[in-house]
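Engineer: One structure follows; several queries about it will come next.
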Amino acid sequence: MAAQPQPTSAMQVVLGAIQLPRNWRLGIGPILAAIVLAVIVLATVTAYLYVPHDPMSMNALERLKGPTETFWLGTDPYGRDLFSRVMVGGQVSLLIGIGAAIVSVFIGLMIGLVSGFFRLADAIIMRIMDALMAIPSILLAIALVALNGPSIWSVIFAITLPEIPRVVRLVRSVVLSAREEPYVEAAIALGSSMPKILWKHLMPNTLAPLIVQGTYICASAILTEAILSFLGAGVSTEIPTWGNIMAEGRLFFQIKPELIFWPGLMLSLCILSINLLGDTARDLLDPRLKKREA
Amino acid sequence: MLFRNRQFDDKPVALEILGLSVATTGDDSVPILNTIDVTIRQGETVCLVGESGSGKSVTSLAIMGLLPKGALEVTAGRIELDGQNLLDLDASQMRELRAQRISMIFQEPMTALNPVMKVGAQIEEVLDSHTKLPTREKKRRVIDIMEQVHLPDVERIYSSYPHQLSGGQRQRIMIAMALILEPKLLIADEPTTALDVTTQNQVLKLIAELQESHGTAVLFITHDMGVVAEIADTVYVMRNGDIVESAAVETLLRVPQKDYTRRLLEAVPSLAPRDARPESWADPVLSVDGLTKIYSTRGLFKKGRETRAAQEVKFRIKPGRTLGIVGESGSGKSTVARCVMRLIDPTEGRIKVGQTDIAMLGRSELQPHRKHIQIVFQDPFRSLNPRWTVGDSLIEGPLNFGQSRKNALDHARELMELVGLPADALGRYPHQFSGGQRQRIAIARAIAMRPDILVADEAVSALDVSVQAQVLKLLDELQEKLGIAILFITHDLRVAAQICDEVVVMQHGRIVEHDTAENVLSQPRHEYTRALIEAAPGRHWDFANFRELSLRPTETA
Amino acid sequence: MLGYVIRRILAIIPVMVIVAIFVFLLLRLTPGDPAAIIAGDSATPAQLERIRESLGLAEPLHIQFVTWVGQLVQGNLGTSIISNQPVTRLIGQRIWPTLQIGTLTIILSVLIAVPLGVLAAWRHRTWVDYAVMTFSVLGFSIPVFVIGYLFIKFFAIDLRWLPVQGYTSPSESVQGFLSRAVLPCLTLATIYVALIARMTRASLLEVLGEDYVRTARAKGVKEHIVLFRHALRNAAVPILTIIGTGFALLISGVVVTESVFNIPGIGRLTVDAILARDYPVIQAMILLTSAIYVFVNLLIDLSYTLFDPRIRY
């Protein structure tokens, strides 16, 4: 161990923030979840390299076919290959999930830090957050997409906005309890400036819970994307996403339930593994839980 | 009567622990108790005394069969109550036995009572679980035991919730609950540690009184030698899961046999004040005048309610001197410390650090004055940022005042040696240090600013007595070397006696007495001060010298 | 106590005002011509003009706001652009199915979820606990409409136990109502049960580690009394809270479920309005559901005092 402390880099702050309990062990569930997620992500990202058909090309002669040698999972109402569409469709869903998680965590962190530390701003910010929380997220998202148009970015924005108050509340509560810690008071006594205390003492406390929250947001964003598409207020129907494929399958559900079943399975597996990993991260990172299960 | 000096050799054995071992469960099991033997006779009070981690609480939980499942387990030995081995009983037999034949009271009366149940119902629950009495009879018995523990206004308290009662009342409820079925054995795990000294005194007396009248055997667990002297018949000294020594209380305090016991006793601060230091003629570095802090809660529909946390507080400290502020919880002593540090804003008054009044300065005007006055907090586990290396913590202040990183680190290394820690430990994190070491680091961090005044807010209260003695010594040495003035906040008269030149006694936010340490301790003028001194457990005994305390007369009564 | 109630009620005013401002600005701050957005690409200038007029878009922003709030206060939520009917009447026609199914779902969910959560906490780290937790993670991970279709496929199409879709009013036929309400309720309840069961378990586990639970055991109190009288009541506040915040999920679920099962409730009304860009209806629905959410959470806040005597400031 170096005797001389080096200047703390951002990476060290992050790593220092994540303190794993001693001799932790992963159960079979989280390992499986990680493998499943890795396979889905890999298969989705590289989809264009191996899918047998162009996921967009319609063929009126091949409508609603069952599984055959050429169409592994059959075809959709426009004669497009379901397998190709499902594999490619994950790309947009994952992009939206990850995008929404990163954006809402980042914005929520900034607002939450300010809110947790400055009383005046806090009163106003929290009222706005309460109001945002009161609006059912799906309705808000639908309205935003309806107004801003069905682009991917507009969907990410529509999903992100309702998530922000939850992140803000989380960050704020962590900051509020951390600022009572004697080491923060000691920093005040040592003449450290408010921005420095906020960033170097308080912010690192929020990282572990934010990682957990981020995974949950990612999962729920993928889910919301599907619901938006299903309701006809998602990404433009020309783009294959899991939600859009299922939405198109609605009308033919009684004839060919696979149209909903396959993308639904992929989506659910994906969300399930993200949620399980989130739970694992929480169990490992949440000190309250650690204490309880010690 | 100095000690209880009662004889129990002819009494039947109530509880006998034989070769009891407890270890953590799992593959790499760590021993917690190593084949300990304890005997408690009927009507006897046995004290288990030891520092944190000695295994005294584990012993009590093992007797009750309440060791945390999946964490600790008994690996060997017997626990015999009236000749019956408790370790052979199954869960429901153990449940039957609790409260009927053994009961237990805990340290924190606030958290040990169910917050959403009325206390009367909580006592009654004991009867519900073990007897089949008619409702009226149950209530009569509950009221009866509540009267026995001297609760006032029993009918009202019967239907109160725990949060509506004081700490002392809550602990009385716990005692009532424990004794209502007249058990053979009462286990008391640090039952007075969370209480103020005057309340502690009353609760100790109550336990002794009820023990006499019910003939209960008591296993009393404590870390406080004063309490031991007050209540014990027999003492077992524990350390790291072993019984180091056991003897009748007077024998143990007069002629301890083992080195560890001697060291433990020597570390107990004496109530006799330190020798007076020559008067200093220097100008005061800190003078506080008319300091008042009022908290007002103003609701939309409520009239504003004001809490006067501190009122008209006035004192001065000269360089190289120590002023103690002594008082019970809620006396306002910490409010004063936090106002002086400007961690909270005083409502009124002057706080002169050197020549400047900092009481009303704004945040940026205040900043340059911060370096003159530094603070050390109570809890060594929370006063250092767990994610920062010790080095980073030590140089935080100097960097704020324009020192270069290299100079600050060089200075930090010197400071580590000054407080008795290896200089090459700067790269380590706080969790790699013990509580006492962390408190040294916290002191070093404060000293790094080269302050004129050091505020120690209960700075040794969370430490074991031997560590406490070392940290007090360190503060004394630093004062000698650096000529620093210390404002020492404490609830513990013994600690105040050892370190302070002057003592301020506070009650309800006001100063009730202010004099030299010697005068306050030996000729207290205010009745509250007298009550505090009288309530100090073991005040007649000079533990460090193994004899009676030859103090000038303290009380008139 | 009364002061607490009044203060709680007053506290919802700023929230509702901000919601209203938000809803108002939602359309007006969207880049582009709001009227064009609503009318769609194939609108004629006359249609645009009509929309502008009915929403008062020509006026300055603050005048629009004052007019709008003035109407709101009088209970006027505007007029649907598509059907030309007052929005209040539309809502009045469609709200009953939603209320019936929503209430049934909440009761069902709480009755299933709380015992499940208690069971999981009581049997912590046994197969029971793992089973409940697995169910609850699954409940979060499958989209509501997929659950709905799975239920339809299984119970209605394959087993033919229940009708596929539709709604019958209980005033017409109670049996008909129930047979058509079972599947939507179960569908809606899945995520809600998952949420509440999870919180019940976590909250109970935390309480079971408290000192007063140890005290109760030290008194020799029987284990089921420890669990229900001591632990569950102390765990109640977080459980209630999640029931309240989870209500938002329920509202979202209603929108989807009514589409899946073809129920003529306000959820369908909303979806139809969105597809037709019927802005006055969308606006009214957001306001209404937010108000319901705030009101439910107010009730829950007030109910805390029943469970915890310390909350009474």
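Identifiers in this document derive from the order of the structure tokens: chains are assigned A, B, ..., residues are numbered from 1 separately in each chain, and ligands are numbered from 1 in order of occurrence.
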Compute the chain C side of the contact with chain A at 8 Å, counting only C-alpha atoms, and hand it back as a short mmCIF file (atom, residue, chain, number, x, y, z; two decimals) with N, CA and C atoms, in the first residue's frame.
Structural biologist:
data_model
loop_
_atom_site.label_atom_id
_atom_site.label_comp_id
_atom_site.auth_asym_id
_atom_site.auth_seq_id
_atom_site.Cartn_x
_atom_site.Cartn_y
_atom_site.Cartn_z
N PRO C 14 -50.67 23.22 -3.53
CA PRO C 14 -49.58 23.57 -4.45
C PRO C 14 -49.27 22.46 -5.46
N VAL C 15 -49.38 21.22 -5.01
CA VAL C 15 -49.09 20.11 -5.93
C VAL C 15 -50.06 20.13 -7.10
N MET C 16 -51.36 20.31 -6.80
CA MET C 16 -52.33 20.31 -7.88
C MET C 16 -52.17 21.53 -8.79
N ILE C 18 -49.33 23.00 -9.47
CA ILE C 18 -48.19 22.75 -10.35
C ILE C 18 -48.57 21.74 -11.44
N VAL C 19 -49.34 20.72 -11.05
CA VAL C 19 -49.80 19.76 -12.06
C VAL C 19 -50.59 20.51 -13.15
N LEU C 26 -47.75 21.81 -21.26
CA LEU C 26 -47.36 20.65 -22.05
C LEU C 26 -47.62 20.87 -23.54
N LEU C 27 -48.80 21.31 -23.84
CA LEU C 27 -49.16 21.51 -25.24
C LEU C 27 -48.54 22.79 -25.78
N THR C 30 -44.69 22.89 -26.56
CA THR C 30 -44.17 21.97 -27.56
C THR C 30 -43.76 22.75 -28.79
N PRO C 31 -42.54 22.46 -29.29
CA PRO C 31 -42.11 23.20 -30.49
C PRO C 31 -43.09 22.95 -31.63
N ILE C 37 -50.19 20.11 -34.59
CA ILE C 37 -49.90 18.82 -33.96
C ILE C 37 -51.19 18.06 -33.71
N ILE C 38 -52.17 18.79 -33.17
CA ILE C 38 -53.43 18.14 -32.84
C ILE C 38 -54.15 17.68 -34.10
N VAL C 137 -40.57 -10.76 -8.67
CA VAL C 137 -39.71 -10.23 -9.73
C VAL C 137 -40.35 -10.47 -11.09
N LEU C 138 -40.99 -11.65 -11.24
CA LEU C 138 -41.68 -11.93 -12.50
C LEU C 138 -42.77 -10.89 -12.75
N PHE C 140 -42.91 -7.90 -11.98
CA PHE C 140 -42.36 -6.63 -12.46
C PHE C 140 -41.86 -6.72 -13.89
N SER C 141 -41.58 -7.94 -14.34
CA SER C 141 -40.77 -8.07 -15.54
C SER C 141 -41.58 -8.37 -16.80
N ILE C 142 -42.83 -8.72 -16.62
CA ILE C 142 -43.64 -9.04 -17.81
C ILE C 142 -44.60 -7.88 -18.05
N PRO C 143 -44.64 -7.36 -19.26
CA PRO C 143 -45.55 -6.24 -19.54
C PRO C 143 -46.99 -6.64 -19.25
N PHE C 145 -49.74 -6.10 -20.73
CA PHE C 145 -50.58 -6.63 -21.81
C PHE C 145 -50.19 -8.06 -22.17
N VAL C 146 -48.92 -8.39 -21.98
CA VAL C 146 -48.53 -9.79 -22.24
C VAL C 146 -49.21 -10.70 -21.22
N LYS C 153 -55.43 -16.27 -23.43
CA LYS C 153 -55.11 -17.49 -24.16
C LYS C 153 -55.41 -18.72 -23.30
N GLU C 206 -37.14 -5.93 8.27
CA GLU C 206 -36.45 -4.88 9.00
C GLU C 206 -36.97 -4.79 10.43
N GLY C 209 -35.88 -7.30 13.03
CA GLY C 209 -34.56 -7.14 13.63
C GLY C 209 -34.53 -6.10 14.74
N ALA C 248 -50.13 4.72 -8.88
CA ALA C 248 -49.79 5.26 -10.20
C ALA C 248 -49.64 4.12 -11.20
N LEU C 249 -49.01 3.04 -10.74
CA LEU C 249 -48.85 1.87 -11.61
C LEU C 249 -50.20 1.31 -12.00
N ILE C 251 -52.96 2.95 -12.29
CA ILE C 251 -53.59 3.81 -13.30
C ILE C 251 -53.02 3.50 -14.68
N SER C 252 -51.68 3.38 -14.74
CA SER C 252 -51.07 3.02 -16.02
C SER C 252 -51.61 1.68 -16.50
N VAL C 256 -53.78 0.22 -20.11
CA VAL C 256 -53.42 -0.90 -20.98
C VAL C 256 -54.46 -2.00 -20.92
N VAL C 271 -56.78 6.32 -24.36
CA VAL C 271 -56.03 5.82 -25.51
C VAL C 271 -56.64 6.32 -26.81
N ILE C 274 -55.75 9.85 -27.34
CA ILE C 274 -54.36 10.06 -27.75
C ILE C 274 -54.19 9.74 -29.23
N LEU C 275 -54.78 8.63 -29.63
CA LEU C 275 -54.63 8.26 -31.04
C LEU C 275 -55.26 9.31 -31.94
N ARG C 277 -55.47 12.45 -31.05
CA ARG C 277 -54.90 13.73 -30.59
C ARG C 277 -56.00 14.68 -30.10
N ILE C 282 -57.19 14.48 -23.38
CA ILE C 282 -55.90 14.07 -22.79
C ILE C 282 -55.61 14.92 -21.55
N ILE C 286 -55.23 13.60 -17.67
CA ILE C 286 -54.03 13.74 -16.84
C ILE C 286 -54.39 14.44 -15.53
N LEU C 287 -55.18 15.50 -15.64
CA LEU C 287 -55.58 16.21 -14.42
C LEU C 287 -56.38 15.30 -13.49
N THR C 289 -56.56 11.93 -13.31
CA THR C 289 -55.82 10.83 -12.68
C THR C 289 -54.84 11.36 -11.64
N SER C 290 -54.22 12.51 -11.92
CA SER C 290 -53.32 13.08 -10.92
C SER C 290 -54.09 13.42 -9.66
N ALA C 291 -55.27 13.98 -9.84
CA ALA C 291 -56.07 14.35 -8.67
C ALA C 291 -56.45 13.11 -7.87
N TYR C 293 -54.78 10.31 -7.78
CA TYR C 293 -53.55 9.85 -7.15
C TYR C 293 -53.26 10.65 -5.88
N VAL C 294 -53.34 11.96 -6.00
CA VAL C 294 -53.05 12.82 -4.85
C VAL C 294 -54.05 12.56 -3.72
#
Engineer: Please check the contacts: residues of chain B at most 9 Å away from chain C, using only C-alpha atoms, listed as a short mmCIF file (atom, residue, chain, number, x, y, z; two decimals) with C-alpha atoms, in the first residue's frame.
Structural biologist:
data_model
loop_
_atom_site.label_atom_id
_atom_site.label_comp_id
_atom_site.auth_asym_id
_atom_site.auth_seq_id
_atom_site.Cartn_x
_atom_site.Cartn_y
_atom_site.Cartn_z
CA MET B 64 -32.04 -16.47 27.21
CA GLY B 65 -31.74 -18.65 24.12
CA LEU B 66 -31.84 -15.50 22.00
CA SER B 92 -41.51 -23.80 22.97
CA MET B 94 -37.66 -22.04 26.20
CA ARG B 95 -40.51 -19.68 25.37
CA GLU B 96 -42.50 -20.91 28.37
CA LEU B 97 -39.54 -20.31 30.59
CA ARG B 98 -38.86 -16.74 29.56
CA ALA B 99 -40.43 -14.11 31.80
CA GLN B 100 -41.60 -16.92 34.10
CA ILE B 102 -35.71 -15.83 33.59
CA SER B 103 -36.36 -12.39 32.28
CA MET B 104 -34.23 -9.72 30.74
CA ILE B 105 -34.01 -5.96 30.42
CA PHE B 106 -32.03 -4.21 27.75
CA GLU B 108 -32.08 1.07 25.10
CA MET B 110 -36.57 3.61 23.71
CA THR B 111 -36.09 0.89 21.14
CA ALA B 112 -36.81 -2.04 23.45
CA LEU B 113 -40.47 -1.14 23.79
CA ASN B 114 -42.91 -1.51 20.93
CA PRO B 115 -43.59 2.09 19.79
CA VAL B 116 -47.14 1.44 18.58
CA MET B 117 -48.47 -0.39 21.66
CA GLN B 122 -47.13 -4.52 26.73
CA GLU B 125 -48.85 -9.35 27.29
CA VAL B 126 -46.52 -11.19 29.65
CA ASP B 128 -51.39 -13.26 28.39
CA SER B 129 -48.51 -15.42 27.26
CA HIS B 130 -48.03 -17.37 30.46
CA TYR B 161 -47.32 5.02 24.42
CA HIS B 163 -42.75 7.92 23.20
CA GLN B 164 -44.86 9.80 25.74
CA MET B 174 -39.16 -2.75 31.23
CA MET B 177 -42.46 -6.33 32.60
CA ALA B 178 -39.47 -8.42 33.64
CA LEU B 300 -49.63 27.37 10.29
CA PHE B 301 -52.25 26.54 12.86
CA LYS B 302 -50.12 26.20 15.95
#
Engineer: In range 421-453 of chain B, what's helix (DSSP H, G or I) per DSSP? Answer as a ChimeraX atom specification?
Structural biologist: /B:423-427,430-432,435-447
Engineer: Pull the closest atom pair for each residue of chain B that gets at most 6 Å from chain A, along with the distance in Å to one decimal, counting only C-alpha atoms, ordering rows by chain and then ascending residue number, as CSV.
Structural biologist:
residue,atom,partner,partner_atom,distance
B:Gln367,CA,A:Gly191,CA,5.6
B:Arg370,CA,A:Gly191,CA,5.9
B:Arg382,CA,A:Pro182,CA,5.9
B:Ser383,CA,A:Tyr183,CA,4.3
B:Leu384,CA,A:Tyr183,CA,5.0
B:Asn385,CA,A:Tyr183,CA,5.6
B:Arg387,CA,A:Gly16,CA,5.4
B:Gly397,CA,A:Leu190,CA,4.7
B:Asn400,CA,A:Ser192,CA,6.0
B:Asp424,CA,A:Ala3,CA,5.1
B:Leu426,CA,A:Ala3,CA,6.0
B:Gly427,CA,A:Ala3,CA,5.0
Engineer: Could you give me, as a ChimeraX atom specification, the residues within 12 Å of Ala46 in chain C, counting only C-alpha atoms and dropping anything in the same chain fewer than 5 positions from it?
Structural biologist: /C:35-36,39,51-53
Engineer: Would you export the selected residues with C-alpha atoms as a PDB file, in the first residue's frame, please?
Structural biologist:
ATOM      1  CA  ALA C  35     -53.018  23.247 -33.572  1.00  0.00           C
ATOM      2  CA  ALA C  36     -51.077  21.523 -36.357  1.00  0.00           C
ATOM      3  CA  ALA C  39     -54.959  18.248 -36.283  1.00  0.00           C
ATOM      4  CA  ILE C  51     -58.889  24.037 -33.058  1.00  0.00           C
ATOM      5  CA  ARG C  52     -57.062  27.278 -32.303  1.00  0.00           C
ATOM      6  CA  GLU C  53     -60.299  28.891 -31.432  1.00  0.00           C
TER       7      GLU C  53
END
Engineer: So how many Å separate CA of Val142 in chain B and CA of Val154 in chain B, to one decimal?
Structural biologist: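 Calculated distance between CA of Val142 in chain B and CA of Val154 in chain B is 9.7 Å.
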Engineer: Could you tell me which of B:Ile325, B:Val244, B:Leu204, B:Asp153 comes closest to Thr35 in chain B if we count only C-alpha atoms?
Structural biologist: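 Result for the nearest residue to Thr35 in chain B: B:Val244.
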